[in-house]
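Undergrad: One structure is given below, represented as structure tokens, and several questions about it will come after.
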Amino acid sequence: MKGQRGKSGPTQSQSLMRVLIIGPLVVSLLLAACQGGGGQPTSTSSGGTIRLNGAGATFPFPLYSRWFDEYAKITDVQVNYQSIGSGGGIRQITEGTVDFGASDGIMTEEQIKAAEKARGSILHIPSIMGAVAVSYNLPGIPSGQLKLTPDILADIYLKKITSWNDPRIAQTNPGLPNIKVAVVHRSDGSGTTYIFTNYLSKVSPEWKEKVGNATAVSWPGDIGGQGNEGVAGLLRQTPGAIGYVELAYAKQNKMPWAALRNAAGNFIEPSLTATSLAAQGVPLPDDMKIMITNPTNPQAYPIVGFTWILAYQKQTHQTKGKALVDMLWWAIHDGQKYAPPLDYAPLPEDAVRKGEAQIRSITYNGQPLWQR
Amino acid sequence: MRQALIKEQAQTPGKWWRRWLRWPASSGDWVFQTLTLLAALCLVGLLVAMALYLLAEAWPSVTLFGPAFLTSTAWDPVRGVFGALPAVYGTLATSAIAMIVAVPLSMGVAIFLAELAPDWLRAPASFLVEMLAAIPSVVLGLWGLFVMVPLIRDPVEQWLGGNLGFIPLFQGPPFGVGFLAGGLILTVMSLPLITAVARDSILAVPNSQREAMLALGATHWETISRAVLPYARSGIIAGVILGLGRALGETMAVTMVIGNGYQVTLQLFAPANTMASKIATEFNEASGDVYIGALVELALVLFAVTLVVNIIGRLLVYWTVSDTSTRGQ
């Protein structure tokens, strides 16, 4: 582009044009085409070190990378975890390109069938809990002072309540200003959206029927932000905005959050304790395939969920299977202490017991791999 | 020498490949020719492979929705119903906004830099324009979200909505993010490309053209508008196509400021989406053959739209060039 008078002409510009037009196109297409790629072939042990490969959810990635760092210090197992997203993790474990997957959502019937057909029964082992905070931009309303009921939250997201001084909001929050509600959601597919829409589907039949529960849905309105930081950015600069972000992100960025009325009728602010309580003292299924949103524990925060590690019940490699089982056991016990400093909620006692039972059920050649 | 070779090649009877086989003028030439041919085939092969792969991946969606994919406005991963129209519309609308703002602006900059700027300003100003092209799009996107969008919401959208709100374009709540913000961030991105190419083209106009005009007693403005710009026209159009290409394919910066709604509307302030940003935002967590298929089909549509725009651009350049040459005779 360094043109000297009379030197470079249209022809040079045209060839430049070709390169520059095709360049971005190729990149955007490759981006679309590279699904399923990026999976390293399952590597085997070398020189005494056992390598495990995992891929999946981005939400627990900071904790997982801490875990695997710490774990490599005390054992000779090196875990390589790629945070490619829950959907990608499910695809990779189904194709058998990784030793374990990770997901913020439960695999669908269809996905479980595909995995079972390929490599047998697949386990959902809970690793940690997370919460979704509802944040807002209302000048003069400090964090925790906005009190929302499930039906109000659902109707705000359904665009049926459009102003902050709506009489229904005023019942629990008198004196809110007359500004329009700007509804902010995640634009990228995410486990956060999965948990949030799962909650709305549970508390609002209308939401369940019109919108539903998935990592990305057809939103009734208004604006979408890319990632937690995108939502946070929109919230910060749009007066009257309401949105949802991961609790960890909200805490670290000191975002104001709403107290939500839980199933027992108490208004609860999101916290690590209130998150863990959601899975304590409530019935949990043995396979742990449960969305724990809107729990019955009276002190629990309602928009919470597990994130899971996905592993096959029948391992095909003895050393690696053993290493995986030991690592999982460590993760749900000793590993839990690394969670609170990183703003993740540790598994409560009840969930750990269920996880233990699942880890015990992992076998190689019909023999359980967990021994102590 | 080269002329003679080409002449000989052209005169040799038979198909081109026979000429190529029968052309051992020297073995070095033959090796060189073969290597370049392979390189060329590689590129074509890559393109074809990519298109075929996209088509194969998109097949579940192509067979399920058929042509209705292009006209449907639904995008509902829960029910597995997908349509591309709002994304196609978003891509075209934001690119159109970008071109409407960027083309006159960059023409002004290019003419100033090439014809009017004092010498001491020319180099630094050109450098700055080129620097603008080098900013990574995610950085531009962040700047857009935190600096440009608040300004667009207030005062720009507030003012437009308040004073020109009777025009459908300026109706709707002023979120800041939306078609307008997406279009403007694309303006910033395509501006340096159009400017650089247009400036080069203007610089490439022979001085004799200017001197002839000035000798006839033309003013500076007349020289530029009657002699320089028509001469540089094909290069300028090429620059516009280049900018448009960037606008159509841009992903990250647009995603951050466009608001990610999914609708076809005339309202400039409404949150929207483009094909590229839809693919980039949803691909990671997409699951199920149809959902992934629909996203890949979106990529195919983007591929086709870019191709069509490129072809139109080529034809424009071709027509203007032949137009100039016939007038010259």
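Each chain of the structure tokens is named A, B, ... in the order shown, its residues numbered from 1; ligands are numbered from 1 in display order.
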Tell me as a PyMOL selection string which residues belonging to chain B come within 8 Å of chain A, counting only C-alpha atoms.
TA: chain B and resi 50+53-54+74-78+130+145-146+150+175+177+196-197+199-201+203-206+232+234-235+238-239+241-242+245-246+249-251+255-256+259-261+271+276+279-288+295-296+299+303+306
Undergrad: Keeping only C-alpha atoms, write the selected residues to a file as an mmCIF file, in the first residue's frame.
TA:
```cif
data_model
loop_
_atom_site.group_PDB
_atom_site.id
_atom_site.type_symbol
_atom_site.label_atom_id
_atom_site.label_comp_id
_atom_site.auth_asym_id
_atom_site.auth_seq_id
_atom_site.Cartn_x
_atom_site.Cartn_y
_atom_site.Cartn_z
ATOM 1 C CA MET B 50 -13.765 -26.361 1.192
ATOM 2 C CA TYR B 53 -16.885 -30.015 2.880
ATOM 3 C CA LEU B 54 -19.225 -27.175 3.738
ATOM 4 C CA ALA B 74 -36.732 -18.203 12.643
ATOM 5 C CA TRP B 75 -33.618 -19.262 14.537
ATOM 6 C CA ASP B 76 -34.727 -21.573 17.288
ATOM 7 C CA PRO B 77 -32.165 -24.153 18.448
ATOM 8 C CA VAL B 78 -34.666 -25.562 20.946
ATOM 9 C CA GLU B 130 -2.476 2.388 7.165
ATOM 10 C CA LEU B 145 -18.460 -1.364 22.640
ATOM 11 C CA PHE B 146 -17.021 0.922 25.292
ATOM 12 C CA PRO B 150 -22.320 4.978 24.341
ATOM 13 C CA PHE B 175 -29.880 0.679 22.754
ATOM 14 C CA VAL B 177 -25.881 -1.495 19.795
ATOM 15 C CA ALA B 196 -5.138 3.297 0.593
ATOM 16 C CA VAL B 197 -6.155 1.725 -2.704
ATOM 17 C CA ARG B 199 -4.896 7.004 -3.038
ATOM 18 C CA ASP B 200 -2.551 4.637 -4.874
ATOM 19 C CA SER B 201 -4.781 4.736 -7.918
ATOM 20 C CA LEU B 203 -1.126 8.669 -7.497
ATOM 21 C CA ALA B 204 -0.779 6.351 -10.489
ATOM 22 C CA VAL B 205 -2.506 8.817 -12.799
ATOM 23 C CA PRO B 206 0.220 10.193 -15.107
ATOM 24 C CA ALA B 232 -8.290 6.319 -11.566
ATOM 25 C CA SER B 234 -11.206 1.319 -11.960
ATOM 26 C CA GLY B 235 -8.659 1.380 -9.165
ATOM 27 C CA ALA B 238 -11.415 -2.031 -6.829
ATOM 28 C CA GLY B 239 -10.687 -0.351 -3.510
ATOM 29 C CA ILE B 241 -14.832 -3.792 -3.497
ATOM 30 C CA LEU B 242 -11.904 -4.532 -1.235
ATOM 31 C CA GLY B 245 -15.182 -7.648 1.082
ATOM 32 C CA ARG B 246 -13.800 -6.863 4.493
ATOM 33 C CA GLY B 249 -16.649 -11.120 6.161
ATOM 34 C CA GLU B 250 -15.837 -9.257 9.370
ATOM 35 C CA THR B 251 -16.826 -11.182 12.470
ATOM 36 C CA THR B 255 -20.396 -9.278 16.964
ATOM 37 C CA MET B 256 -19.419 -7.047 19.829
ATOM 38 C CA GLY B 259 -26.559 -6.391 19.627
ATOM 39 C CA ASN B 260 -27.166 -9.918 18.400
ATOM 40 C CA GLY B 261 -30.883 -9.678 17.844
ATOM 41 C CA PRO B 271 -30.211 -5.178 17.531
ATOM 42 C CA ALA B 276 -20.300 -14.308 10.148
ATOM 43 C CA ILE B 279 -21.559 -18.596 13.034
ATOM 44 C CA ALA B 280 -18.747 -17.433 15.271
ATOM 45 C CA THR B 281 -20.889 -16.933 18.348
ATOM 46 C CA GLU B 282 -22.931 -20.104 18.245
ATOM 47 C CA PHE B 283 -20.651 -22.709 16.757
ATOM 48 C CA ASN B 284 -18.756 -23.696 19.896
ATOM 49 C CA GLU B 285 -21.770 -24.833 21.833
ATOM 50 C CA ALA B 286 -23.935 -26.004 18.959
ATOM 51 C CA SER B 287 -25.035 -29.603 19.181
ATOM 52 C CA GLY B 288 -27.031 -31.819 16.883
ATOM 53 C CA LEU B 295 -24.641 -22.863 10.901
ATOM 54 C CA VAL B 296 -22.520 -24.399 8.158
ATOM 55 C CA ALA B 299 -21.309 -20.207 5.966
ATOM 56 C CA PHE B 303 -19.573 -17.862 0.662
ATOM 57 C CA THR B 306 -19.253 -12.852 -1.087
#
```
Undergrad: Mind checking which residues fall within 9 Å of A:Ser143, counting only C-alpha atoms, ignoring those fewer than 5 positions away in the same chain, and posting them as JSON, numbers by chain?
TA: {"A": [135, 136, 254, 255, 256, 257, 258, 259]}
Undergrad: Using only C-alpha atoms, determine which residues lie at most 9 Å from stretch 64-80 of chain A, disregarding the query and same-chain residues fewer than 4 positions distant; provide the list as a ChimeraX atom specification.
TA: /A:48-55,60,323-324,327,330-331,335,338
Undergrad: If you count only C-alpha atoms, which residues fall within 6 Å of stretch 164-166 of chain A, apart from same-chain ones fewer than 2 positions away, as a PDB file with N, CA and C atoms, in the first residue's frame?
TA:
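File written: out35.pdb
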```
ATOM      1  N   ARG A 168     -46.142  -4.769  39.297  1.00  0.00           N
ATOM      2  CA  ARG A 168     -45.742  -6.057  39.861  1.00  0.00           C
ATOM      3  C   ARG A 168     -44.339  -6.000  40.456  1.00  0.00           C
ATOM      4  N   ILE A 169     -43.438  -5.282  39.779  1.00  0.00           N
ATOM      5  CA  ILE A 169     -42.097  -5.127  40.354  1.00  0.00           C
ATOM      6  C   ILE A 169     -42.190  -4.281  41.616  1.00  0.00           C
ATOM      7  N   LEU A 176     -39.112   2.278  42.195  1.00  0.00           N
ATOM      8  CA  LEU A 176     -38.138   2.189  41.106  1.00  0.00           C
ATOM      9  C   LEU A 176     -38.476   3.230  40.041  1.00  0.00           C
ATOM     10  N   PRO A 177     -37.446   3.757  39.368  1.00  0.00           N
ATOM     11  CA  PRO A 177     -37.696   4.817  38.375  1.00  0.00           C
ATOM     12  C   PRO A 177     -38.447   4.294  37.154  1.00  0.00           C
ATOM     13  N   ASN A 178     -39.058   5.219  36.438  1.00  0.00           N
ATOM     14  CA  ASN A 178     -39.791   4.863  35.227  1.00  0.00           C
ATOM     15  C   ASN A 178     -38.829   4.830  34.044  1.00  0.00           C
ATOM     16  N   ILE A 179     -38.015   3.773  33.977  1.00  0.00           N
ATOM     17  CA  ILE A 179     -37.190   3.609  32.775  1.00  0.00           C
ATOM     18  C   ILE A 179     -37.486   2.249  32.148  1.00  0.00           C
TER      19      ILE A 179
END
```
Undergrad: Record the distance separating atom CA of B:Val149 and atom CA of B:Thr187, expressed in Å with one decimal.
TA: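 It comes out at 14.0 Å.
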Undergrad: Which is closer to A:Val183 than all the others in A:Lys354, A:Lys202, A:Lys159, A:Lys251, using only C-alpha atoms?
TA: A:Lys159
Undergrad: With distances taken over only C-alpha atoms, which residue among B:Ala39, B:Val188, B:Ala84, B:Gly172 lies nearest B:Gly66?
TA: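 Among B:Ala39, B:Val188, B:Ala84, B:Gly172, it is B:Ala84 that comes nearest to B:Gly66.
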